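Engineer: Okay, handing you the structure first.
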Amino acid sequence: MLSQNIIKELTNIVGKDNNILTSKEDLICYSYDATNQKFLPDAVVFPKDAQEISLILKMANFEGFPVVPRGAGSGFSGGSLPVNGGVVISLERMNKILKIDADNLTAVVEPGIVTGDLQAEVEKLGLFYPPDPTSLKFSTIGGNVAENAGGPRAVKYGVTRDYVLGLEVVLPTGEIINTGTETMKGVVGYDLTKLMVGSEGTLGIVTKIILKLIPLPEAVKTMLAVFVDMRDAAETVSKIICSRIIPSTLEFIDRNCIKCVEDYLQIGLPLNVSIRGLPKDADAILLIEVDGDKDLIEKESATIQRICLDNGAKEFRLAKDKKEVKELWKARRAISPSLKKLNPDKINEDIVVPRNKIPDAITGVQDIAKKYELTIANFGHAGDGNIHVNIMIDKSNKDELARAEKAVKEIFKLTIELGGTISGEHGIGISKMPYISMELSPAAIDAMKKIKNVLDPKGILNPGKIFYTERHNEADQGATKARSEAYV
Ligand SMILES: Cc1cc2nc3c(=O)[nH]c(=O)nc-3n(C[C@H](O)[C@H](O)[C@H](O)COP(=O)(O)OP(=O)(O)OC[C@H]3O[C@@H](n4cnc5c(N)ncnc54)[C@H](O)[C@@H]3O)c2cc1C
């Protein structure tokens, strides 16, 4: 619990009363993310700039309360959850585009801007910010930077990290630093920008971001290939890449997802290209996009069509106009929420394997689903080997939950054996904390803890995330549990 004095001090820092929330009804709105786990903060503040955040962090060090940065709260690993209470810093008010430099192909933005809004603005100028987490309509650039978010276009364009040139960051102890440059090159000192990107809000609070932009591709073509054998679809992914075409998107969607999204989107999708009206025996589909020079993508889409049909596709559909493209993407973005039709709770893993191991990974996951009698739905950014494995359960069924937990461990073991990684984009947060030692050596984890301890000696910034620390002792865990239970 924060004392009344601390609340008063916080109010002095952020100004008017509506820049701070303390009532339970308000706090509940900031107590959960997409993991659906809930931890009540003691206060939520809405600072307007780095200086205010700096003052809050200095005060937190002095008083010893935790501070947790939050974007839109769409994270899938619990990163924005105040597991030990304290103050949530919402970056909502810091949502401006400060500069778009069309000559030098850069933009400077505040962290709270919604990714899709930034993309729409730069596209008006013929520019392109490619990272496109499927949550782009609501997640923020700050959250994307903290999680190093990726998306369907990562197969061709890379992830958030590849577009961050520099940052303004408030360190856990309150100092404000600038990392990187506004130039395309810059190697002065350690690369703190790369250290901060993907640090899940544990090493600093990002208050400004310098982004690299590229020219908007001239044209895009969107296609759908329907397979009656999941393995054929998975094998086609690497066959397309081996033909030396790098699609801007290469998404895999399995039978369970197809069914859910068909039921979920009852309205308005045209039958000729939508994922409605698919053959009854459709086992998997690939959603493929190529972009660039108009003539080149004509040729590329013809080659992709041939590869798909040669490799067992039963149907191949080409979106004929922008409206159809939009509807296909609407269907793709609806997969995640639609899965709730299978079961109320979702354990969502985002494993990555080398592209040519996708068929083995998906077959392996299906075997694990059978072994533990679970419903698992797979979809994802197969072009870069990233598969979202969704174990659909009812958490109130303790037996099912226990089987799901065993399945998760086996899926991670399989992933690592195939040369992959247990998280491609969602981060560790609290969800994957128990598993990181399956992938990282004790020395690597120790090096990370040392970095954390140097930057945040009092452990006030986003504590209880990524790895267990000395502070994460029994007392802390007890407090965390109590806070979660106090929610209801
Ligand atoms: C339907 C759906 C689809 C999704 N699809 C994708 C996808 O395709 N690819 C993908 O990568 N992710 C995806 N996600 C996950 C999520 O949207 C991303 O992780 C996103 O980057 C989180 O952004 P946010 O603004 O919601 O951040 P939050 O969830 O609020 O926070 C995420 C983490 O970032 C930290 N943080 C937030 N802002 C700052 C800041 N300014 N400075 C420092 N730390 C900060 C938080 O402390 C937390 O640790 C999806 C989520 C949903 C619900």
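Each chain in the structure tokens gets a letter, A, B and so on, in the order shown; residues start at 1 in every chain, and ligands are counted from 1 in the order they appear.
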Do you have, as JSON lines, the list of residues of chain A lying at most 6 Å from ligand 1, each with its nearest atom pair and that distance in Å to one decimal, counting only C-alpha atoms and all ligand atoms and ordered by chain then number?
Structural biologist:
{"residue": "A:Ala34", "atom": "CA", "partner": "ligand 1", "partner_atom_place_in_ligand_line": "53 (C)", "distance": 5.2}
{"residue": "A:Val68", "atom": "CA", "partner": "ligand 1", "partner_atom_place_in_ligand_line": "47 (O)", "distance": 5.5}
{"residue": "A:Pro69", "atom": "CA", "partner": "ligand 1", "partner_atom_place_in_ligand_line": "47 (O)", "distance": 4.1}
{"residue": "A:Arg70", "atom": "CA", "partner": "ligand 1", "partner_atom_place_in_ligand_line": "30 (O)", "distance": 3.9}
{"residue": "A:Gly71", "atom": "CA", "partner": "ligand 1", "partner_atom_place_in_ligand_line": "30 (O)", "distance": 3.4}
{"residue": "A:Ala72", "atom": "CA", "partner": "ligand 1", "partner_atom_place_in_ligand_line": "26 (O)", "distance": 3.6}
{"residue": "A:Gly73", "atom": "CA", "partner": "ligand 1", "partner_atom_place_in_ligand_line": "30 (O)", "distance": 3.3}
{"residue": "A:Ser74", "atom": "CA", "partner": "ligand 1", "partner_atom_place_in_ligand_line": "26 (O)", "distance": 3.5}
{"residue": "A:Gly75", "atom": "CA", "partner": "ligand 1", "partner_atom_place_in_ligand_line": "29 (O)", "distance": 3.4}
{"residue": "A:Phe76", "atom": "CA", "partner": "ligand 1", "partner_atom_place_in_ligand_line": "15 (C)", "distance": 5.2}
{"residue": "A:Gly79", "atom": "CA", "partner": "ligand 1", "partner_atom_place_in_ligand_line": "49 (O)", "distance": 3.3}
{"residue": "A:Ser80", "atom": "CA", "partner": "ligand 1", "partner_atom_place_in_ligand_line": "48 (C)", "distance": 3.9}
{"residue": "A:Pro111", "atom": "CA", "partner": "ligand 1", "partner_atom_place_in_ligand_line": "41 (N)", "distance": 5.0}
{"residue": "A:Pro133", "atom": "CA", "partner": "ligand 1", "partner_atom_place_in_ligand_line": "8 (O)", "distance": 3.5}
{"residue": "A:Thr134", "atom": "CA", "partner": "ligand 1", "partner_atom_place_in_ligand_line": "8 (O)", "distance": 3.8}
{"residue": "A:Ser135", "atom": "CA", "partner": "ligand 1", "partner_atom_place_in_ligand_line": "3 (C)", "distance": 4.2}
{"residue": "A:Ser139", "atom": "CA", "partner": "ligand 1", "partner_atom_place_in_ligand_line": "25 (O)", "distance": 4.0}
{"residue": "A:Thr140", "atom": "CA", "partner": "ligand 1", "partner_atom_place_in_ligand_line": "25 (O)", "distance": 3.7}
{"residue": "A:Gly142", "atom": "CA", "partner": "ligand 1", "partner_atom_place_in_ligand_line": "41 (N)", "distance": 4.0}
{"residue": "A:Gly143", "atom": "CA", "partner": "ligand 1", "partner_atom_place_in_ligand_line": "27 (O)", "distance": 3.5}
{"residue": "A:Asn144", "atom": "CA", "partner": "ligand 1", "partner_atom_place_in_ligand_line": "21 (O)", "distance": 3.3}
{"residue": "A:Ala146", "atom": "CA", "partner": "ligand 1", "partner_atom_place_in_ligand_line": "34 (O)", "distance": 4.5}
{"residue": "A:Glu147", "atom": "CA", "partner": "ligand 1", "partner_atom_place_in_ligand_line": "21 (O)", "distance": 5.3}
{"residue": "A:Ala149", "atom": "CA", "partner": "ligand 1", "partner_atom_place_in_ligand_line": "11 (O)", "distance": 3.3}
{"residue": "A:Gly150", "atom": "CA", "partner": "ligand 1", "partner_atom_place_in_ligand_line": "11 (O)", "distance": 4.1}
{"residue": "A:Gly151", "atom": "CA", "partner": "ligand 1", "partner_atom_place_in_ligand_line": "8 (O)", "distance": 4.2}
{"residue": "A:Glu200", "atom": "CA", "partner": "ligand 1", "partner_atom_place_in_ligand_line": "49 (O)", "distance": 4.0}
{"residue": "A:Gly201", "atom": "CA", "partner": "ligand 1", "partner_atom_place_in_ligand_line": "44 (N)", "distance": 3.3}
{"residue": "A:Gly204", "atom": "CA", "partner": "ligand 1", "partner_atom_place_in_ligand_line": "43 (C)", "distance": 5.8}
{"residue": "A:Ile205", "atom": "CA", "partner": "ligand 1", "partner_atom_place_in_ligand_line": "42 (N)", "distance": 3.7}
{"residue": "A:Val206", "atom": "CA", "partner": "ligand 1", "partner_atom_place_in_ligand_line": "42 (N)", "distance": 3.7}
{"residue": "A:Thr207", "atom": "CA", "partner": "ligand 1", "partner_atom_place_in_ligand_line": "41 (N)", "distance": 5.7}
{"residue": "A:Ser336", "atom": "CA", "partner": "ligand 1", "partner_atom_place_in_ligand_line": "1 (C)", "distance": 5.4}
{"residue": "A:Glu425", "atom": "CA", "partner": "ligand 1", "partner_atom_place_in_ligand_line": "11 (O)", "distance": 4.2}
{"residue": "A:His426", "atom": "CA", "partner": "ligand 1", "partner_atom_place_in_ligand_line": "19 (O)", "distance": 5.1}
Engineer: Using DSSP on the backbone, list every residue of region 40-116 of chain A that comes out as helix (DSSP H, G or I), and give them as a list of chain:residue names.
Structural biologist: A:Ala50, A:Gln51, A:Glu52, A:Ile53, A:Ser54, A:Leu55, A:Ile56, A:Leu57, A:Lys58, A:Met59, A:Ala60, A:Asn61, A:Phe62, A:Glu63, A:Thr115, A:Gly116
Engineer: Go through region 359-474 of chain A residue by residue and, counting only C-alpha atoms, keep those with an atom at most 12 Å from region 185-197 of chain A; for each kept residue give the shortest atom pair and its distance in Å to one decimal, ordered by chain and increasing number, as JSON lines.
Structural biologist:
{"residue": "A:Glu425", "atom": "CA", "partner": "A:Val197", "partner_atom": "CA", "distance": 11.7}
{"residue": "A:Gly427", "atom": "CA", "partner": "A:Val197", "partner_atom": "CA", "distance": 11.2}
{"residue": "A:Met448", "atom": "CA", "partner": "A:Leu195", "partner_atom": "CA", "distance": 10.4}
{"residue": "A:Ile451", "atom": "CA", "partner": "A:Leu195", "partner_atom": "CA", "distance": 9.7}
{"residue": "A:Lys452", "atom": "CA", "partner": "A:Leu195", "partner_atom": "CA", "distance": 10.9}
{"residue": "A:Leu455", "atom": "CA", "partner": "A:Met196", "partner_atom": "CA", "distance": 11.3}
Engineer: With N, CA and C atoms retained, export the selected residues as a PDB file, in the first residue's frame.
Structural biologist:
ATOM      1  N   GLU A 425       8.287 -13.403 -30.027  1.00  0.00           N
ATOM      2  CA  GLU A 425       7.835 -12.013 -29.997  1.00  0.00           C
ATOM      3  C   GLU A 425       7.121 -11.592 -28.718  1.00  0.00           C
ATOM      4  N   GLY A 427       7.845 -12.244 -25.528  1.00  0.00           N
ATOM      5  CA  GLY A 427       8.698 -12.010 -24.366  1.00  0.00           C
ATOM      6  C   GLY A 427       8.440 -13.009 -23.243  1.00  0.00           C
ATOM      7  N   MET A 448      22.630 -11.463 -17.441  1.00  0.00           N
ATOM      8  CA  MET A 448      21.447 -10.591 -17.558  1.00  0.00           C
ATOM      9  C   MET A 448      21.076  -9.995 -16.201  1.00  0.00           C
ATOM     10  N   ILE A 451      23.304  -7.099 -15.347  1.00  0.00           N
ATOM     11  CA  ILE A 451      22.923  -5.855 -16.058  1.00  0.00           C
ATOM     12  C   ILE A 451      21.745  -5.207 -15.326  1.00  0.00           C
ATOM     13  N   LYS A 452      20.759  -6.028 -14.997  1.00  0.00           N
ATOM     14  CA  LYS A 452      19.576  -5.507 -14.300  1.00  0.00           C
ATOM     15  C   LYS A 452      19.998  -4.850 -12.967  1.00  0.00           C
ATOM     16  N   LEU A 455      21.739  -1.392 -13.407  1.00  0.00           N
ATOM     17  CA  LEU A 455      20.858  -0.294 -13.810  1.00  0.00           C
ATOM     18  C   LEU A 455      19.758  -0.025 -12.777  1.00  0.00           C
TER      19      LEU A 455
END
Engineer: So which residues touch Asp132 (chain A) within 9 Å, counting only C-alpha atoms, skipping near sequence neighbours fewer than 6 positions away, as an MDAnalysis selection string?
Structural biologist: chainID A and resid 115:116 119 149:154 159:160
Engineer: Quick one: which region 321-376 of chain A residues come within 10 Å of region 403-412 of chain A, and what is the nearest atom pair for each with the distance in Å to one decimal, counting only C-alpha atoms, rows ordered by chain and ascending number, as a Markdown table?
Structural biologist:
| residue | atom | partner | partner_atom | distance |
| --- | --- | --- | --- | --- |
| A:Ile347 | CA | A:Ala404 | CA | 8.1 |
| A:Asn348 | CA | A:Val408 | CA | 9.5 |
| A:Glu349 | CA | A:Val408 | CA | 8.1 |
| A:Asp350 | CA | A:Phe412 | CA | 10.0 |
| A:Ile351 | CA | A:Phe412 | CA | 7.6 |
| A:Val352 | CA | A:Phe412 | CA | 9.9 |
| A:Ala361 | CA | A:Ile411 | CA | 8.6 |
| A:Ile362 | CA | A:Ile411 | CA | 10.0 |
| A:Gly364 | CA | A:Ile411 | CA | 7.9 |
| A:Val365 | CA | A:Ile411 | CA | 6.4 |
| A:Gln366 | CA | A:Ile411 | CA | 10.0 |
| A:Ile368 | CA | A:Ala407 | CA | 6.3 |
| A:Ala369 | CA | A:Ala407 | CA | 7.4 |
| A:Lys371 | CA | A:Ala407 | CA | 8.6 |
| A:Tyr372 | CA | A:Arg403 | CA | 5.8 |
| A:Glu373 | CA | A:Arg403 | CA | 8.1 |
| A:Leu374 | CA | A:Ala404 | CA | 7.2 |
| A:Thr375 | CA | A:Ala404 | CA | 9.6 |
| A:Ile376 | CA | A:Ala404 | CA | 9.8 |
Engineer: Would you compute the distance between CA of Asp293 (chain A) and CA of Lys212 (chain A)? Give it in Å to one decimal.
Structural biologist: 21.2 Å
Engineer: Applying 12 Å and only C-alpha atoms, which residues near Lys16 (chain A) remain after dropping the ones on its own chain fewer than 6 positions away? List them as a ChimeraX atom specification.
Structural biologist: /A:8-10,45-48
Engineer: Counting only C-alpha atoms, figure out which residue out of A:Ser301, A:Asn36, A:Tyr468, A:Pro457 gets nearest to Gly64 (chain A).
Structural biologist: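 For Gly64 (chain A), the nearest of the given residues is A:Pro457.
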Engineer: Identify which of the residues A:Thr202, A:Thr222, A:Lys299, A:Ala284 lies closest to Phe467 (chain A), counting only C-alpha atoms when measuring atom-to-atom distances.
Structural biologist: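 Of A:Thr202, A:Thr222, A:Lys299, A:Ala284, the one nearest Phe467 (chain A), counting only C-alpha atoms, is A:Thr202.
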Engineer: So that I can see what lies close to Ser338 (chain A), please list as number ranges by chain the residues with an atom at most 10 Å from it, counting only C-alpha atoms and leaving out residues fewer than 2 positions away in the same chain.
Structural biologist: A: 257-265, 331, 333-336, 340-342
Engineer: Using only C-alpha atoms, determine which residues lie at most 10 Å from Ala50 (chain A), disregarding the query and same-chain residues fewer than 3 positions distant; provide the list as a ChimeraX atom specification.
Structural biologist: /A:47,53-56,94,168-170,174-177,205-208
Engineer: Those same residues, written as a compact mmCIF listing (two decimals), in the first residue's frame with N, CA and C atoms?
Structural biologist:
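So result.txt came out as:
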# COMPACT_ATOMS: atom_id res chain seq x y z
N PRO A 47 1.91 10.41 -16.78
CA PRO A 47 2.83 11.54 -16.93
C PRO A 47 2.78 12.08 -18.35
N ILE A 53 8.42 11.42 -15.40
CA ILE A 53 8.73 10.01 -15.13
C ILE A 53 10.00 9.91 -14.29
N SER A 54 10.97 10.77 -14.61
CA SER A 54 12.22 10.77 -13.86
C SER A 54 11.95 11.05 -12.37
N LEU A 55 11.09 12.04 -12.10
CA LEU A 55 10.79 12.38 -10.70
C LEU A 55 10.12 11.19 -9.99
N ILE A 56 9.21 10.53 -10.72
CA ILE A 56 8.49 9.39 -10.11
C ILE A 56 9.49 8.27 -9.77
N MET A 94 1.42 10.29 -23.65
CA MET A 94 2.61 10.60 -24.46
C MET A 94 2.47 9.89 -25.81
N GLU A 168 15.06 7.81 -26.26
CA GLU A 168 15.22 8.56 -25.00
C GLU A 168 14.65 7.62 -23.94
N VAL A 169 15.45 7.40 -22.88
CA VAL A 169 15.04 6.43 -21.86
C VAL A 169 15.23 7.03 -20.48
N VAL A 170 14.26 6.82 -19.60
CA VAL A 170 14.47 7.18 -18.20
C VAL A 170 14.94 5.90 -17.50
N GLY A 174 16.24 7.10 -12.45
CA GLY A 174 15.69 8.42 -12.74
C GLY A 174 16.49 9.27 -13.73
N GLU A 175 17.72 8.86 -14.08
CA GLU A 175 18.48 9.65 -15.06
C GLU A 175 17.85 9.49 -16.44
N ILE A 176 17.87 10.60 -17.20
CA ILE A 176 17.33 10.53 -18.57
C ILE A 176 18.51 10.42 -19.53
N ILE A 177 18.50 9.37 -20.37
CA ILE A 177 19.62 9.23 -21.33
C ILE A 177 19.08 9.16 -22.76
N ILE A 205 12.41 3.22 -18.87
CA ILE A 205 11.11 3.58 -19.46
C ILE A 205 11.39 4.42 -20.70
N VAL A 206 10.94 3.92 -21.83
CA VAL A 206 11.21 4.57 -23.11
C VAL A 206 10.25 5.76 -23.26
N THR A 207 10.82 6.95 -23.52
CA THR A 207 9.98 8.14 -23.60
C THR A 207 10.02 8.80 -24.98
N LYS A 208 10.95 8.39 -25.82
CA LYS A 208 11.01 8.91 -27.19
C LYS A 208 11.69 7.84 -28.05
Engineer: What's the 8 Å shell around Arg231 (chain A), counting only C-alpha atoms, without same-chain residues fewer than 2 positions away, as JSON, numbers by chain?
Structural biologist: {"A": [229, 233, 234, 235, 359, 363]}
Engineer: Please give the complete set of residues from region 2-122 of chain A that DSSP, run on the backbone, assigns to strand (DSSP E or B), formatted as a list in words.
Structural biologist: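 Taking region 2-122 of chain A and keeping strand (DSSP E or B) gives Ile20, Leu21, Tyr32, Lys38, Ala43, Val44, Val45, Val67, Val68, Pro69, Arg70, Val87, Val88, Ile89, Ser90, Ile97, Leu98, Lys99, Ile100, Asp101, Thr106, Ala107, Val108, Val109 and Val114 of chain A.
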Engineer: Save the residues we just selected, N, CA and C atoms, as a PDB file, in the first residue's frame?
Structural biologist:
ATOM      1  N   ILE A  20      -3.953  10.912 -12.145  1.00  0.00           N
ATOM      2  CA  ILE A  20      -3.632   9.840 -11.196  1.00  0.00           C
ATOM      3  C   ILE A  20      -4.929   9.141 -10.797  1.00  0.00           C
ATOM      4  N   LEU A  21      -4.894   7.809 -10.768  1.00  0.00           N
ATOM      5  CA  LEU A  21      -6.076   7.038 -10.366  1.00  0.00           C
ATOM      6  C   LEU A  21      -5.739   6.219  -9.131  1.00  0.00           C
ATOM      7  N   TYR A  32      -4.794  -5.869 -15.719  1.00  0.00           N
ATOM      8  CA  TYR A  32      -4.660  -7.095 -16.531  1.00  0.00           C
ATOM      9  C   TYR A  32      -4.134  -6.776 -17.926  1.00  0.00           C
ATOM     10  N   LYS A  38      -4.586 -11.100 -13.286  1.00  0.00           N
ATOM     11  CA  LYS A  38      -4.944  -9.789 -12.725  1.00  0.00           C
ATOM     12  C   LYS A  38      -4.185  -9.487 -11.439  1.00  0.00           C
ATOM     13  N   ALA A  43      -1.662   2.582  -7.545  1.00  0.00           N
ATOM     14  CA  ALA A  43      -2.011   3.836  -8.220  1.00  0.00           C
ATOM     15  C   ALA A  43      -1.611   3.721  -9.684  1.00  0.00           C
ATOM     16  N   VAL A  44      -2.307   4.471 -10.532  1.00  0.00           N
ATOM     17  CA  VAL A  44      -1.928   4.568 -11.949  1.00  0.00           C
ATOM     18  C   VAL A  44      -1.692   6.046 -12.233  1.00  0.00           C
ATOM     19  N   VAL A  45      -0.547   6.361 -12.854  1.00  0.00           N
ATOM     20  CA  VAL A  45      -0.286   7.765 -13.178  1.00  0.00           C
ATOM     21  C   VAL A  45      -0.096   7.933 -14.680  1.00  0.00           C
ATOM     22  N   VAL A  67       7.524   0.249  -9.732  1.00  0.00           N
ATOM     23  CA  VAL A  67       6.956   1.045 -10.826  1.00  0.00           C
ATOM     24  C   VAL A  67       6.884   0.152 -12.061  1.00  0.00           C
ATOM     25  N   VAL A  68       5.729   0.156 -12.724  1.00  0.00           N
ATOM     26  CA  VAL A  68       5.558  -0.720 -13.890  1.00  0.00           C
ATOM     27  C   VAL A  68       5.077   0.110 -15.086  1.00  0.00           C
ATOM     28  N   PRO A  69       5.879   0.164 -16.166  1.00  0.00           N
ATOM     29  CA  PRO A  69       5.416   0.895 -17.344  1.00  0.00           C
ATOM     30  C   PRO A  69       4.347   0.114 -18.098  1.00  0.00           C
ATOM     31  N   ARG A  70       3.414   0.858 -18.720  1.00  0.00           N
ATOM     32  CA  ARG A  70       2.328   0.187 -19.440  1.00  0.00           C
ATOM     33  C   ARG A  70       1.982   0.960 -20.706  1.00  0.00           C
ATOM     34  N   VAL A  87       3.144   1.478  -8.463  1.00  0.00           N
ATOM     35  CA  VAL A  87       2.600   2.479  -9.384  1.00  0.00           C
ATOM     36  C   VAL A  87       2.717   2.006 -10.824  1.00  0.00           C
ATOM     37  N   VAL A  88       1.595   2.011 -11.535  1.00  0.00           N
ATOM     38  CA  VAL A  88       1.644   1.766 -12.977  1.00  0.00           C
ATOM     39  C   VAL A  88       1.805   3.111 -13.665  1.00  0.00           C
ATOM     40  N   ILE A  89       2.841   3.204 -14.538  1.00  0.00           N
ATOM     41  CA  ILE A  89       2.999   4.424 -15.336  1.00  0.00           C
ATOM     42  C   ILE A  89       2.406   4.140 -16.702  1.00  0.00           C
ATOM     43  N   SER A  90       1.256   4.744 -16.975  1.00  0.00           N
ATOM     44  CA  SER A  90       0.642   4.566 -18.284  1.00  0.00           C
ATOM     45  C   SER A  90       1.178   5.636 -19.224  1.00  0.00           C
ATOM     46  N   ILE A  97       3.304  12.142 -32.546  1.00  0.00           N
ATOM     47  CA  ILE A  97       4.370  11.987 -33.547  1.00  0.00           C
ATOM     48  C   ILE A  97       5.105  13.318 -33.524  1.00  0.00           C
ATOM     49  N   LEU A  98       6.363  13.322 -33.127  1.00  0.00           N
ATOM     50  CA  LEU A  98       7.079  14.592 -32.963  1.00  0.00           C
ATOM     51  C   LEU A  98       7.655  15.079 -34.285  1.00  0.00           C
ATOM     52  N   LYS A  99       7.985  14.111 -35.172  1.00  0.00           N
ATOM     53  CA  LYS A  99       8.604  14.535 -36.430  1.00  0.00           C
ATOM     54  C   LYS A  99       8.548  13.377 -37.425  1.00  0.00           C
ATOM     55  N   ILE A 100       8.221  13.722 -38.687  1.00  0.00           N
ATOM     56  CA  ILE A 100       8.443  12.744 -39.764  1.00  0.00           C
ATOM     57  C   ILE A 100       9.374  13.439 -40.746  1.00  0.00           C
ATOM     58  N   ASP A 101      10.564  12.871 -40.937  1.00  0.00           N
ATOM     59  CA  ASP A 101      11.572  13.483 -41.798  1.00  0.00           C
ATOM     60  C   ASP A 101      11.616  12.683 -43.103  1.00  0.00           C
ATOM     61  N   THR A 106      13.139   9.136 -41.519  1.00  0.00           N
ATOM     62  CA  THR A 106      13.078   8.833 -40.084  1.00  0.00           C
ATOM     63  C   THR A 106      11.816   9.455 -39.488  1.00  0.00           C
ATOM     64  N   ALA A 107      11.457   8.963 -38.325  1.00  0.00           N
ATOM     65  CA  ALA A 107      10.371   9.587 -37.567  1.00  0.00           C
ATOM     66  C   ALA A 107      10.784   9.595 -36.101  1.00  0.00           C
ATOM     67  N   VAL A 108      10.330  10.606 -35.371  1.00  0.00           N
ATOM     68  CA  VAL A 108      10.555  10.633 -33.923  1.00  0.00           C
ATOM     69  C   VAL A 108       9.180  10.640 -33.269  1.00  0.00           C
ATOM     70  N   VAL A 109       8.947   9.678 -32.382  1.00  0.00           N
ATOM     71  CA  VAL A 109       7.602   9.551 -31.803  1.00  0.00           C
ATOM     72  C   VAL A 109       7.684   9.366 -30.293  1.00  0.00           C
ATOM     73  N   VAL A 114      -0.285   4.638 -31.016  1.00  0.00           N
ATOM     74  CA  VAL A 114      -0.706   3.308 -31.465  1.00  0.00           C
ATOM     75  C   VAL A 114      -0.005   3.014 -32.803  1.00  0.00           C
TER      76      VAL A 114
END
Engineer: At what distance in Å, to one decimal, does CA of Asn390 (chain A) lie from CA of Pro344 (chain A)?
Structural biologist: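 Taking CA of Pro344 (chain A) and CA of Asn390 (chain A), their separation equals 11.8 Å.
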Engineer: Between A:Ile210, A:Leu318, A:Ile391, A:Ile297, which is the closest to Thr183 (chain A) once you count only C-alpha atoms?
Structural biologist: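 Of A:Ile210, A:Leu318, A:Ile391, A:Ile297, the one nearest Thr183 (chain A) is A:Ile210, counting only C-alpha atoms.
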